[in-house]
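Next comes input.txt, with compact mmCIF, C-alpha atoms.
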# COMPACT_ATOMS: atom_id res chain seq x y z
CA MET A 1 -10.46 47.96 2.50
CA THR A 2 -11.49 45.10 4.75
CA ALA A 3 -8.95 42.36 5.12
CA ARG A 4 -9.81 39.14 3.38
CA GLY A 5 -6.80 37.39 4.86
CA PRO A 6 -6.85 35.67 8.25
CA GLY A 7 -5.33 36.79 11.49
CA ILE A 8 -2.79 34.42 12.94
CA ALA A 9 -2.50 33.79 16.66
CA ILE A 10 0.44 31.82 17.94
CA GLN A 11 0.46 30.99 21.63
CA ASN A 12 3.27 29.39 23.56
CA LEU A 13 4.58 27.61 20.49
CA SER A 14 7.46 25.24 21.13
CA LEU A 15 9.17 22.87 18.79
CA THR A 16 11.81 20.30 19.63
CA LEU A 17 13.36 18.24 16.87
CA GLY A 18 15.42 15.41 18.26
CA ARG A 19 17.19 17.06 21.17
CA THR A 20 17.38 20.46 19.54
CA GLU A 21 15.01 23.05 20.83
CA VAL A 22 14.11 24.99 17.71
CA LEU A 23 11.41 27.24 19.15
CA SER A 24 10.48 27.83 22.74
CA GLY A 25 7.48 29.69 24.06
CA VAL A 26 6.79 31.83 21.01
CA ASP A 27 3.80 34.15 21.34
CA MET A 28 2.95 36.20 18.33
CA THR A 29 -0.02 37.72 16.56
CA VAL A 30 -0.38 38.60 12.91
CA ALA A 31 -3.10 41.13 12.15
CA PRO A 32 -5.48 40.34 9.30
CA GLY A 33 -4.50 41.93 6.02
CA SER A 34 -1.10 43.04 7.25
CA ILE A 35 2.36 42.39 5.93
CA HIS A 36 4.19 40.80 8.79
CA ALA A 37 7.92 40.28 8.51
CA LEU A 38 9.93 37.68 10.43
CA VAL A 39 13.59 38.51 10.84
CA GLY A 40 16.30 36.72 12.70
CA PRO A 41 19.59 34.85 12.41
CA ASN A 42 20.04 31.62 10.52
CA GLY A 43 18.83 28.72 12.60
CA GLY A 44 16.59 31.06 14.56
CA GLY A 45 13.52 28.97 13.76
CA LYS A 46 11.86 31.23 11.19
CA SER A 47 11.30 28.53 8.60
CA SER A 48 10.30 26.09 11.34
CA LEU A 49 7.70 28.56 12.57
CA ILE A 50 6.24 28.71 9.08
CA ARG A 51 6.18 24.95 8.80
CA CYS A 52 4.34 24.80 12.14
CA LEU A 53 1.85 27.22 10.66
CA LEU A 54 1.44 24.91 7.66
CA GLY A 55 0.91 21.94 9.97
CA GLN A 56 4.08 20.17 8.93
CA MET A 57 5.83 20.07 12.30
CA PRO A 58 5.07 18.21 15.54
CA HIS A 59 4.79 21.41 17.53
CA ARG A 60 3.43 22.09 20.98
CA GLY A 61 1.31 25.10 21.74
CA THR A 62 -1.49 26.61 19.72
CA VAL A 63 -1.41 27.97 16.21
CA SER A 64 -4.74 29.28 15.02
CA LEU A 65 -5.82 30.97 11.82
CA ASN A 66 -8.75 33.29 12.34
CA TRP A 67 -10.46 33.57 8.99
CA PRO A 68 -12.92 36.42 8.43
CA ALA A 69 -15.47 34.12 6.80
CA ARG A 70 -14.74 30.61 5.70
CA PRO A 71 -11.20 29.24 5.44
CA GLY A 72 -9.53 30.61 2.35
CA ARG A 73 -6.50 29.81 0.26
CA ILE A 74 -2.96 29.71 1.54
CA GLY A 75 -0.12 30.50 -0.84
CA TYR A 76 3.41 29.39 -0.01
CA VAL A 77 6.71 30.38 -1.55
CA PRO A 78 9.42 28.05 -0.29
CA GLN A 79 12.98 29.16 0.21
CA ALA A 80 14.18 26.96 -2.62
CA LEU A 81 12.77 24.31 -4.88
CA GLN A 82 14.69 21.07 -5.00
CA PHE A 83 14.74 19.29 -8.32
CA ASP A 84 17.25 17.90 -10.76
CA ALA A 85 18.65 20.62 -12.97
CA GLY A 86 18.46 18.30 -16.00
CA LEU A 87 14.74 17.73 -15.57
CA PRO A 88 13.08 18.45 -18.94
CA MET A 89 10.40 20.65 -17.44
CA THR A 90 9.74 24.14 -18.71
CA VAL A 91 8.41 27.04 -16.72
CA GLY A 92 5.15 26.64 -18.66
CA ASP A 93 4.93 22.94 -17.72
CA PHE A 94 5.53 23.76 -14.08
CA LEU A 95 2.92 26.51 -13.81
CA GLY A 96 0.49 24.79 -16.17
CA THR A 97 0.51 21.63 -14.07
CA LEU A 98 -0.24 23.66 -10.96
CA ASP A 99 -2.96 25.68 -12.71
CA GLY A 100 -4.83 23.10 -14.71
CA ASN A 101 -6.30 19.68 -14.12
CA ARG A 102 -4.58 18.25 -17.15
CA PRO A 103 -1.47 16.08 -16.67
CA GLY A 104 1.76 17.92 -17.41
CA PHE A 105 2.78 15.73 -20.35
CA LEU A 106 -0.28 16.77 -22.36
CA LYS A 107 -0.44 20.04 -24.18
CA PRO A 108 -2.11 22.56 -21.89
CA ARG A 109 -5.39 24.22 -22.80
CA ARG A 110 -5.34 27.62 -24.41
CA ALA A 111 -6.81 29.19 -21.26
CA THR A 112 -4.12 27.61 -19.10
CA ARG A 113 -1.38 28.88 -21.41
CA ASP A 114 -2.81 32.37 -21.29
CA LEU A 115 -3.03 32.18 -17.53
CA VAL A 116 0.59 31.06 -17.29
CA GLU A 117 1.68 33.97 -19.47
CA ALA A 118 -0.29 36.39 -17.30
CA GLN A 119 1.28 34.91 -14.17
CA LEU A 120 4.76 35.27 -15.61
CA ALA A 121 4.06 38.82 -16.75
CA ARG A 122 3.07 39.70 -13.20
CA VAL A 123 6.54 38.77 -11.94
CA GLY A 124 8.35 40.28 -14.91
CA MET A 125 9.07 37.08 -16.76
CA ALA A 126 6.76 37.52 -19.74
CA GLY A 127 7.60 35.27 -22.69
CA LYS A 128 9.84 32.94 -20.71
CA SER A 129 7.38 30.08 -20.36
CA GLY A 130 9.43 27.94 -22.75
CA ARG A 131 12.56 28.10 -20.60
CA ARG A 132 13.67 24.94 -18.89
CA MET A 133 13.30 25.12 -15.09
CA GLY A 134 16.84 23.86 -14.59
CA ALA A 135 18.24 26.62 -16.79
CA LEU A 136 16.75 29.45 -14.76
CA SER A 137 18.91 31.65 -12.59
CA GLY A 138 18.21 31.67 -8.85
CA GLY A 139 16.32 34.94 -9.13
CA GLU A 140 14.21 33.77 -12.03
CA ARG A 141 13.37 30.58 -10.22
CA GLN A 142 12.27 32.61 -7.23
CA ARG A 143 10.05 34.70 -9.47
CA VAL A 144 8.45 31.55 -10.85
CA LEU A 145 7.79 30.34 -7.31
CA MET A 146 6.27 33.72 -6.53
CA ALA A 147 4.11 33.49 -9.65
CA GLN A 148 2.75 30.07 -8.65
CA ALA A 149 1.82 31.37 -5.19
CA LEU A 150 -0.11 34.32 -6.62
CA GLU A 151 -2.44 32.24 -8.79
CA PRO A 152 -5.07 31.37 -7.75
CA ALA A 153 -5.16 34.47 -5.58
CA PRO A 154 -4.25 33.55 -2.00
CA ASP A 155 -5.84 34.94 1.14
CA LEU A 156 -2.78 34.17 3.21
CA LEU A 157 0.62 34.27 1.59
CA ILE A 158 3.62 32.75 3.31
CA LEU A 159 6.97 33.78 1.90
CA ASP A 160 10.23 32.15 2.93
CA GLU A 161 13.04 34.52 1.92
CA PRO A 162 11.55 35.39 -1.45
CA MET A 163 14.10 38.11 -2.18
CA SER A 164 17.28 36.23 -1.33
CA ALA A 165 18.25 35.71 -4.95
CA LEU A 166 16.37 38.57 -6.57
CA ASP A 167 18.17 41.20 -8.61
CA GLU A 168 17.30 44.87 -8.45
CA SER A 169 14.45 44.78 -10.95
CA GLY A 170 13.18 41.64 -9.29
CA GLY A 171 13.16 43.50 -6.01
CA ALA A 172 11.13 46.30 -7.53
CA ILE A 173 8.61 43.87 -8.96
CA PHE A 174 8.42 42.15 -5.61
CA ALA A 175 7.72 45.48 -3.87
CA GLU A 176 4.97 46.12 -6.38
CA VAL A 177 3.44 42.71 -5.77
CA MET A 178 3.53 43.32 -2.03
CA GLN A 179 1.76 46.63 -2.44
CA SER A 180 -0.97 45.03 -4.51
CA LEU A 181 -1.38 42.27 -1.94
CA ARG A 182 -1.74 44.90 0.75
CA ARG A 183 -4.40 46.65 -1.34
CA ASP A 184 -6.27 43.35 -1.70
CA GLY A 185 -6.24 42.78 2.04
CA VAL A 186 -4.15 39.62 1.85
CA THR A 187 -2.31 38.62 5.01
CA VAL A 188 1.38 38.14 4.27
CA LEU A 189 3.86 36.42 6.57
CA TRP A 190 7.26 37.12 5.22
CA ILE A 191 10.69 35.85 6.25
CA GLU A 192 13.33 38.31 5.17
CA HIS A 193 16.98 39.09 5.73
CA ASP A 194 16.93 42.45 3.96
CA LEU A 195 16.07 44.72 6.88
CA LEU A 196 15.75 47.80 4.67
CA ALA A 197 13.15 46.06 2.56
CA VAL A 198 11.36 45.06 5.74
CA ARG A 199 11.33 48.65 6.95
CA ARG A 200 10.04 49.79 3.58
CA LEU A 201 7.35 47.17 2.97
CA ALA A 202 6.25 45.55 6.22
CA ASP A 203 3.56 46.72 8.61
CA HIS A 204 4.89 44.73 11.50
CA VAL A 205 8.11 42.95 12.29
CA THR A 206 9.01 40.17 14.69
CA GLY A 207 12.59 39.33 15.54
CA LEU A 208 12.90 35.62 16.12
CA ALA A 209 15.88 33.74 17.51
CA ARG A 210 14.35 30.60 19.03
CA ARG A 211 12.07 32.95 20.93
CA VAL A 212 10.60 36.35 20.20
CA ILE A 213 13.30 38.98 20.69
CA PHE A 214 11.23 41.95 19.61
CA ASP A 215 7.85 42.62 18.05
CA GLY A 216 6.47 45.90 16.77
CA GLN A 217 6.44 48.51 14.00
CA PRO A 218 9.46 48.25 11.71
CA GLU A 219 10.37 51.92 12.09
CA ALA A 220 10.49 51.58 15.86
CA MET A 221 11.93 48.13 16.12
CA LEU A 222 14.67 48.02 13.53
CA ASP A 223 17.25 50.14 15.31
CA ALA A 224 20.87 49.26 15.70
CA ASP A 225 20.70 47.96 19.26
CA ARG A 226 17.83 45.60 18.69
CA VAL A 227 19.25 44.31 15.45
CA LEU A 228 22.64 43.76 17.06
CA ASP A 229 20.93 41.96 19.89
CA LEU A 230 18.95 39.80 17.49
CA PHE A 231 21.85 38.76 15.33
CA SER A 232 24.41 38.30 18.08
CA GLN A 233 25.15 34.99 19.77
CA ARG A 234 23.77 36.34 23.02
CA SER A 235 20.18 36.23 21.91
CA ALA A 236 20.50 32.82 20.39
CA VAL A 237 21.76 31.18 23.56
CA ALA A 238 19.81 33.31 26.04
CA MET B 239 -17.15 39.53 12.29
CA SER B 240 -20.05 37.24 13.10
CA SER B 241 -19.14 34.55 10.60
CA ALA B 242 -15.48 34.45 11.60
CA ILE B 243 -14.02 31.00 11.83
CA SER B 244 -10.97 29.94 13.74
CA VAL B 245 -8.91 27.01 12.55
CA ILE B 246 -6.42 25.43 14.91
CA VAL B 247 -3.45 24.10 12.97
CA PRO B 248 -2.87 20.55 14.22
CA PRO B 249 0.69 19.45 14.85
CA ALA B 250 2.03 17.05 12.29
CA SER B 251 1.74 13.54 13.63
CA GLY B 252 1.02 10.10 12.29
CA ARG B 253 -1.82 9.56 14.73
CA ARG B 254 -4.63 9.71 12.19
CA GLU B 255 -2.77 7.46 9.79
CA THR B 256 -1.97 5.02 12.60
CA VAL B 257 -5.61 4.90 13.63
CA ALA B 258 -6.70 4.43 10.02
CA VAL B 259 -4.24 1.57 9.46
CA LEU B 260 -5.24 -0.14 12.71
CA LEU B 261 -8.89 0.28 11.82
CA ALA B 262 -8.32 -1.18 8.36
CA ALA B 263 -6.43 -4.13 9.86
CA LEU B 264 -9.24 -4.66 12.37
CA ILE B 265 -11.85 -4.61 9.61
CA VAL B 266 -9.87 -7.17 7.62
CA VAL B 267 -9.48 -9.48 10.62
CA LEU B 268 -13.14 -9.12 11.63
CA SER B 269 -14.48 -9.71 8.15
CA ALA B 270 -12.20 -12.72 7.70
CA THR B 271 -13.39 -14.11 11.05
CA GLY B 272 -16.98 -13.45 10.10
CA PHE B 273 -16.54 -15.10 6.73
CA ILE B 274 -15.03 -18.20 8.27
CA ALA B 275 -17.69 -18.32 10.97
CA LEU B 276 -20.48 -18.09 8.40
CA HIS B 277 -18.96 -20.62 6.04
CA ARG B 278 -18.05 -23.22 8.62
CA ASP B 279 -18.39 -26.65 7.10
CA THR B 280 -17.98 -29.77 9.17
CA ALA B 281 -16.42 -32.55 7.16
CA THR B 282 -18.57 -35.61 7.61
CA ALA B 283 -16.58 -38.72 6.91
CA THR B 284 -18.99 -41.33 5.71
CA SER B 285 -18.31 -44.55 7.51
CA LEU B 286 -17.86 -47.59 5.34
CA PRO B 287 -19.93 -50.74 5.50
CA HIS B 288 -18.03 -53.75 6.84
CA TRP B 289 -17.56 -55.22 3.38
CA GLN B 290 -15.66 -52.21 2.00
CA VAL B 291 -12.15 -51.07 2.70
CA ASP B 292 -10.60 -47.68 2.02
CA LEU B 293 -7.75 -47.70 -0.48
CA ARG B 294 -5.75 -45.06 1.31
CA SER B 295 -6.08 -46.11 4.92
CA GLY B 296 -7.10 -49.75 4.75
CA LEU B 297 -4.46 -51.17 2.42
CA ASN B 298 -0.75 -51.53 2.86
CA ALA B 299 1.73 -50.35 0.27
CA ALA B 300 1.95 -53.68 -1.59
CA GLU B 301 -1.85 -53.95 -1.82
CA GLN B 302 -2.15 -50.34 -2.98
CA GLY B 303 0.44 -51.02 -5.67
CA LEU B 304 -1.35 -54.14 -6.81
CA THR B 305 -4.66 -52.29 -6.95
CA ALA B 306 -3.18 -49.57 -9.12
CA ASP B 307 -1.55 -52.10 -11.44
CA LEU B 308 -4.74 -54.15 -11.74
CA LEU B 309 -6.78 -51.10 -12.69
CA LEU B 310 -4.19 -50.18 -15.34
CA ALA B 311 -4.20 -53.71 -16.65
CA ALA B 312 -8.01 -53.53 -16.92
CA ASP B 313 -7.57 -50.56 -19.25
CA GLU B 314 -5.26 -52.60 -21.46
CA MET B 315 -7.41 -55.70 -21.67
CA PRO B 316 -9.84 -54.56 -24.38
CA TYR B 317 -6.89 -54.35 -26.80
CA LEU B 318 -5.62 -57.85 -26.11
CA ASP B 319 -6.69 -61.09 -27.76
CA GLN B 320 -6.37 -63.15 -24.64
CA VAL B 321 -6.81 -62.12 -21.07
CA THR B 322 -5.65 -65.22 -19.23
CA PRO B 323 -3.07 -64.47 -16.57
CA GLU B 324 -0.48 -66.29 -18.63
CA ALA B 325 -1.22 -64.18 -21.70
CA LEU B 326 -1.12 -61.01 -19.63
CA ALA B 327 2.19 -62.10 -18.11
CA ALA B 328 3.50 -62.75 -21.60
CA GLU B 329 2.58 -59.17 -22.49
CA GLY B 330 4.70 -58.05 -19.56
CA LEU B 331 1.74 -56.46 -17.81
CA PRO B 332 2.11 -56.04 -14.09
CA PRO B 333 1.01 -57.40 -11.71
CA PHE B 334 0.71 -60.62 -13.77
CA PHE B 335 4.30 -60.52 -14.98
CA ALA B 336 6.47 -62.23 -12.40
CA ASP B 337 9.29 -59.83 -11.69
CA ALA B 338 11.05 -58.48 -8.61
CA THR B 339 8.20 -56.11 -7.89
CA ALA B 340 5.64 -58.89 -8.01
CA THR B 341 7.80 -60.88 -5.59
CA ALA B 342 8.17 -57.93 -3.29
CA ARG B 343 4.41 -57.45 -3.31
CA GLY B 344 3.70 -60.94 -2.08
CA GLY B 345 4.34 -63.07 -5.17
CA HIS B 346 0.72 -63.58 -6.19
CA HIS B 347 -0.37 -66.47 -8.30
CA TRP B 348 -3.09 -65.37 -10.70
CA GLN B 349 -5.97 -67.31 -12.12
CA LEU B 350 -8.93 -66.36 -14.26
CA ILE B 351 -12.44 -67.05 -13.02
CA GLU B 352 -15.28 -66.72 -15.47
CA THR B 353 -18.96 -66.68 -14.70
CA THR B 354 -21.87 -65.88 -16.95
CA ASP B 355 -21.85 -62.14 -16.39
CA ALA B 356 -18.40 -61.37 -15.02
CA GLN B 357 -14.72 -62.14 -15.24
CA GLY B 358 -12.44 -62.22 -12.26
CA TRP B 359 -8.68 -62.32 -11.84
CA LEU B 360 -7.81 -63.89 -8.53
CA GLY B 361 -4.35 -63.53 -7.11
CA GLN B 362 -3.29 -65.63 -4.16
CA PRO B 363 -0.18 -64.53 -2.38
CA ALA B 364 2.81 -66.67 -1.69
CA ALA B 365 3.71 -64.39 1.21
CA LYS B 366 0.49 -63.74 3.15
CA GLU B 367 2.18 -61.40 5.58
CA VAL B 368 3.07 -59.02 2.72
CA ALA B 369 -0.31 -58.75 1.02
CA GLY B 370 -3.75 -60.35 1.09
CA ALA B 371 -5.49 -62.13 -1.74
CA MET B 372 -6.55 -59.71 -4.50
CA LEU B 373 -9.45 -60.06 -6.89
CA MET B 374 -10.28 -57.89 -9.84
CA ARG B 375 -13.79 -58.35 -11.10
CA ILE B 376 -14.89 -56.90 -14.41
CA ALA B 377 -18.66 -56.97 -14.76
CA GLY B 378 -19.71 -54.95 -17.77
CA GLU B 379 -17.04 -52.28 -18.15
CA THR B 380 -16.35 -51.38 -14.56
CA PRO B 381 -13.47 -53.08 -12.81
CA THR B 382 -13.71 -53.46 -9.04
CA ILE B 383 -10.97 -54.65 -6.76
CA TRP B 384 -11.58 -56.94 -3.85
CA LEU B 385 -9.31 -57.87 -1.01
CA HIS B 386 -9.23 -60.86 1.29
CA ARG B 387 -6.76 -60.82 4.10
CA ASP B 388 -6.90 -64.57 4.51
CA GLY B 389 -4.51 -65.42 1.73
CA ALA B 390 -6.02 -68.88 1.10
CA ALA B 391 -9.35 -67.43 0.03
CA SER B 392 -10.77 -68.58 -3.18
CA THR B 393 -14.11 -68.09 -4.84
CA SER B 394 -16.04 -69.32 -7.79
CA ALA B 395 -18.97 -66.89 -7.69
CA LEU B 396 -18.32 -63.23 -8.52
CA ASP B 397 -21.50 -61.48 -7.44
CA ASP B 398 -21.39 -59.09 -4.52
CA ALA B 399 -23.36 -61.25 -2.14
CA ALA B 400 -21.19 -64.31 -2.68
CA LEU B 401 -17.97 -62.32 -2.34
CA ILE B 402 -19.16 -60.59 0.83
CA ALA B 403 -20.30 -63.86 2.27
CA ALA B 404 -16.87 -65.34 1.58
CA GLY B 405 -15.26 -62.50 3.51
CA TRP B 406 -14.03 -60.36 0.59
CA ARG B 407 -13.98 -56.63 0.99
CA GLN B 408 -14.29 -54.19 -1.86
CA VAL B 409 -11.49 -51.65 -2.22
CA ILE B 410 -12.97 -48.20 -2.67
CA THR B 411 -11.65 -44.69 -2.93
CA ARG B 412 -13.17 -41.95 -0.87
CA PHE B 413 -12.79 -38.28 -1.66
CA ASP B 414 -14.43 -36.86 1.45
CA ALA B 415 -11.59 -37.61 3.83
CA SER B 416 -8.54 -35.56 3.04
CA VAL B 417 -5.07 -37.07 3.24
CA THR B 418 -4.26 -34.55 5.94
CA ARG B 419 -6.90 -36.01 8.23
CA LYS B 420 -6.61 -39.04 10.33
CA ASP B 421 -9.00 -41.65 9.16
CA ASP B 422 -9.68 -44.00 12.05
CA GLN B 423 -12.34 -46.09 10.40
CA HIS B 424 -10.07 -49.10 10.12
Please, can you express the file's structure as C-alpha cells?
Amino acid sequence: MTARGPGIAIQNLSLTLGRTEVLSGVDMTVAPGSIHALVGPNGGGKSSLIRCLLGQMPHRGTVSLNWPARPGRIGYVPQALQFDAGLPMTVGDFLGTLDGNRPGFLKPRRATRDLVEAQLARVGMAGKSGRRMGALSGGERQRVLMAQALEPAPDLLILDEPMSALDESGGAIFAEVMQSLRRDGVTVLWIEHDLLAVRRLADHVTGLARRVIFDGQPEAMLDADRVLDLFSQRSAVA
Amino acid sequence: MSSAISVIVPPASGRRETVAVLLAALIVVLSATGFIALHRDTATATSLPHWQVDLRSGLNAAEQGLTADLLLAADEMPYLDQVTPEALAAEGLPPFFADATATARGGHHWQLIETTDAQGWLGQPAAKEVAGAMLMRIAGETPTIWLHRDGAASTSALDDAALIAAGWRQVITRFDASVTRKDDQH
C-alpha cells in the first residue's frame, strides 16, 4: 500500500507566545502513511505544535508538508468543541452542515442524511443523529468530532487527544478506525496521553516537552526511564 | 515520487491582510484623487456690468430687506384694487407700511410713477446713510428692483436706458458665486 498521506518535516521550530517559550528548536519528521503519536506533559507544546502545523501560530522555523502528488485534505479533531450546551443543534445538523452546501436551518438532502448516518455508524453512534449536541456525553461528542474528520476522507488526520473522554467501546472503535486509516495510507498525527494505546496503535512516537525529549519506535521508546524523564519537571525546565 | 509537492506552512501573521488593507486604502485615495483631477471645474464668476449690483454682496442689510419686501409686495399687487403707496400702506404691506422696521431701514417715502408701459414704486430715504433710494419697476409681469445710492435721486422715465443714465443700478441675484466665496466685484 503506497501512502496517500503527506510526510511532515519540522525543522528548528520555535514558538514564543508573549514571553512564554512554548516550543524551542523542535526537529521532527513524520513518515508518509504512518501513525505518529505525540506524547508529553500538559503544557509541553503538543497542541501548539499542531496549531503551527495548521498555520495558526506565529512560529519560527520551517514546517513543510510533503505531499505525494497534489496537496490533499487535512482532517482535524480538536481537543474539545466550545459551544453553548443549550444550542438547539442536533448531531445531524452539525454533520449535515459540514457535509452539504445547504444552510443548516434547511432540511438536509436525502443523500446528506444518509451520509451523516453512515458517518455516525462508523464511530458507533448509529441512529443518534437526532440528539442535541449539548446533550451528548464527552465521549459521544468526541466520536462526533471524529466522524466529521473522517468524511470526506482525509489524507492527513490530526488528532488532539481524541481518546481522552472515550469509554471502552469507544476506544475499541477508535482502534478500528486507526487501523483502517493505516490501511488507506493516511498520515495520522496523534496527541495522546494513553501510553498503552500509543504502544498498541502508533508506528512512531515523539516525546515533547517544549523540545523533543525522545523520538522513535513506541516499543523501544516507551520505557519507564524515558517516560519518567518526559513527565518529570526536569525535562520541562531543562 | 516525481510529482511530489512540498508545501511550507506559513506562520500565522496579519501581514497579508495588512498589505491588502493598505492596498485597498491606496486604491481608494488614488481613485478619489483621479476623480477630482478629472472633474476639476473652475468657477467662473461672471463680472457684472456697471449698471447692475449683486444682491448678496452689493447691498447692505436694510437694502436687502427692502428688496425682499418689495418683491413680496409685487406678488400681492394683482389681488389689490389699488396699488398706490398709500393703499398699499393701508393694507399693511411692508415696506410701504410705516412701522419701526421701515424706520430702521431708512424711512423711505414711496411714490408711484406710471409710464405707458411700466409702473414704478420709488422710495426715497429719510436716512440716506442707512439705505439708498429704491425703485421697483413692474413692466409686464416681471418686477425688477433698482438702487440709487444718492438718496435724492428721482426719475420719471422707467426704461433701462433712462434709469442707467440717471445712475440707477439694477439689483440682481447671481447663482454662480457661492456664499462661501469672497465676491470682490464691488
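When all atoms listed in the file are used to compute distances to chain A, the closest of the residues B:Leu318, B:Ile246, B:Leu309, B:Leu261 turns out to be B:Ile246.
Proximity ranking of B:Gly344, B:Gly252, B:Gly370, B:Pro363 relative to chain A places B:Gly252 first, based on only C-alpha atoms.
Atom to atom, atom CA of B:Ile402 and atom CA of B:Gln320 stand 28.6 Å apart.
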List as a PDB file with C-alpha atoms, in the frame of the given file the protein and nucleic acid residues near A:Asp194, meaning an atom at most 10 Å away when all atoms listed in the file are counted, but skip any in the same chain fewer than 6 places from it.
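The new file out13.pdb reads:
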ATOM      1  CA  VAL A  39      13.590  38.510  10.840  1.00  0.00           C
ATOM      2  CA  GLU A 161      13.040  34.520   1.920  1.00  0.00           C
ATOM      3  CA  MET A 163      14.100  38.110  -2.180  1.00  0.00           C
ATOM      4  CA  SER A 164      17.280  36.230  -1.330  1.00  0.00           C
TER       5      SER A 164
END
message = Quick one: residues within 10 Å of A:Glu140, all atoms listed in the file, excluding same-chain residues fewer than 5 positions away - as a PyMOL selection string?
response = chain A and resi 123-125+128+133+135+145-146+165-167+170
key: Nearby residues (only C-alpha atoms) at most 12 Å from A:Ser232, same-chain spacing under 4 positions excluded, as a VMD selection string   = chain A and resid 40 to 42 44 208 to 209 213 224 to 228 236 to 238
request  = Enter the distance from atom CA of A:Arg60 to atom CA of B:Thr256, in Å, rounded to one decimal.
outcome  =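 Spanning atom CA of A:Arg60 to atom CA of B:Thr256 is a straight-line distance of 19.8 Å.
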Taking all atoms listed in the file into account, produce a table as CSV in which each residue of chain B with an atom at most 8 Å from an atom of chain A appears once, together with its shortest atom pair and the distance in Å to one decimal, ordered by chain and rising number.
residue,atom,partner,partner_atom,distance
B:Met239,CA,A:Pro68,CA,6.5
B:Ser241,CA,A:Ala69,CA,5.3
B:Ala242,CA,A:Pro68,CA,4.5
B:Ile243,CA,A:Trp67,CA,5.2
B:Ser244,CA,A:Asn66,CA,4.3
B:Val245,CA,A:Leu65,CA,5.1
B:Ile246,CA,A:Ser64,CA,4.2
B:Val247,CA,A:Val63,CA,5.4
B:Pro248,CA,A:Gly55,CA,5.9
B:Pro249,CA,A:Pro58,CA,4.6
B:Ala250,CA,A:Pro58,CA,4.6
B:Ser251,CA,A:Pro58,CA,6.0
request  = Could you tell me how far atom CA of A:Ala85 lies from atom CA of A:Ser129, in Å and to one decimal?
outcome  =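 It comes out at 16.5 Å.
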task = With a distance cut-off of 9 Å and all atoms listed in the file, select the neighbouring residues of B:Ala395, excluding the residue or stretch itself and same-chain residues fewer than 4 positions from it, and output the selection as a ChimeraX atom specification.
result = /B:351-353,400-401
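Using all atoms listed in the file, the smallest distance between any of A:Gly96, A:Gly130, A:Gly33, A:Gly45 and A:Asp160 comes from A:Gly45.
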inquiry  = Could you check the closest approach to B:Gln302 for each of B:Ala369, B:Trp348, B:Ser394, B:Leu264 and tell me which residue wins, using all atoms listed in the file?
reply    =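 Using all atoms listed in the file, the shortest distance to B:Gln302 belongs to B:Ala369.
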Report as a PDB file with C-alpha atoms, keeping the file's coordinate frame all protein, DNA and RNA residues lying within 12 Å of A:Thr187, evaluated on all atoms listed in the file, omitting residues in the same chain fewer than 5 positions from it.
ATOM      1  CA  THR A   2     -11.490  45.100   4.750  1.00  0.00           C
ATOM      2  CA  ALA A   3      -8.950  42.360   5.120  1.00  0.00           C
ATOM      3  CA  ARG A   4      -9.810  39.140   3.380  1.00  0.00           C
ATOM      4  CA  GLY A   5      -6.800  37.390   4.860  1.00  0.00           C
ATOM      5  CA  PRO A   6      -6.850  35.670   8.250  1.00  0.00           C
ATOM      6  CA  GLY A   7      -5.330  36.790  11.490  1.00  0.00           C
ATOM      7  CA  ILE A   8      -2.790  34.420  12.940  1.00  0.00           C
ATOM      8  CA  THR A  29      -0.020  37.720  16.560  1.00  0.00           C
ATOM      9  CA  VAL A  30      -0.380  38.600  12.910  1.00  0.00           C
ATOM     10  CA  ALA A  31      -3.100  41.130  12.150  1.00  0.00           C
ATOM     11  CA  PRO A  32      -5.480  40.340   9.300  1.00  0.00           C
ATOM     12  CA  GLY A  33      -4.500  41.930   6.020  1.00  0.00           C
ATOM     13  CA  SER A  34      -1.100  43.040   7.250  1.00  0.00           C
ATOM     14  CA  ILE A  35       2.360  42.390   5.930  1.00  0.00           C
ATOM     15  CA  HIS A  36       4.190  40.800   8.790  1.00  0.00           C
ATOM     16  CA  ALA A  37       7.920  40.280   8.510  1.00  0.00           C
ATOM     17  CA  LEU A  65      -5.820  30.970  11.820  1.00  0.00           C
ATOM     18  CA  ASN A  66      -8.750  33.290  12.340  1.00  0.00           C
ATOM     19  CA  TRP A  67     -10.460  33.570   8.990  1.00  0.00           C
ATOM     20  CA  PRO A  68     -12.920  36.420   8.430  1.00  0.00           C
ATOM     21  CA  GLY A  72      -9.530  30.610   2.350  1.00  0.00           C
ATOM     22  CA  ARG A  73      -6.500  29.810   0.260  1.00  0.00           C
ATOM     23  CA  ILE A  74      -2.960  29.710   1.540  1.00  0.00           C
ATOM     24  CA  GLY A  75      -0.120  30.500  -0.840  1.00  0.00           C
ATOM     25  CA  TYR A  76       3.410  29.390  -0.010  1.00  0.00           C
ATOM     26  CA  ALA A 153      -5.160  34.470  -5.580  1.00  0.00           C
ATOM     27  CA  PRO A 154      -4.250  33.550  -2.000  1.00  0.00           C
ATOM     28  CA  ASP A 155      -5.840  34.940   1.140  1.00  0.00           C
ATOM     29  CA  LEU A 156      -2.780  34.170   3.210  1.00  0.00           C
ATOM     30  CA  LEU A 157       0.620  34.270   1.590  1.00  0.00           C
ATOM     31  CA  ILE A 158       3.620  32.750   3.310  1.00  0.00           C
ATOM     32  CA  LEU A 159       6.970  33.780   1.900  1.00  0.00           C
ATOM     33  CA  MET A 178       3.530  43.320  -2.030  1.00  0.00           C
ATOM     34  CA  GLN A 179       1.760  46.630  -2.440  1.00  0.00           C
ATOM     35  CA  SER A 180      -0.970  45.030  -4.510  1.00  0.00           C
ATOM     36  CA  LEU A 181      -1.380  42.270  -1.940  1.00  0.00           C
ATOM     37  CA  ARG A 182      -1.740  44.900   0.750  1.00  0.00           C
ATOM     38  CA  ALA A 202       6.250  45.550   6.220  1.00  0.00           C
ATOM     39  CA  ASP A 203       3.560  46.720   8.610  1.00  0.00           C
ATOM     40  CA  HIS A 204       4.890  44.730  11.500  1.00  0.00           C
TER      41      HIS A 204
END
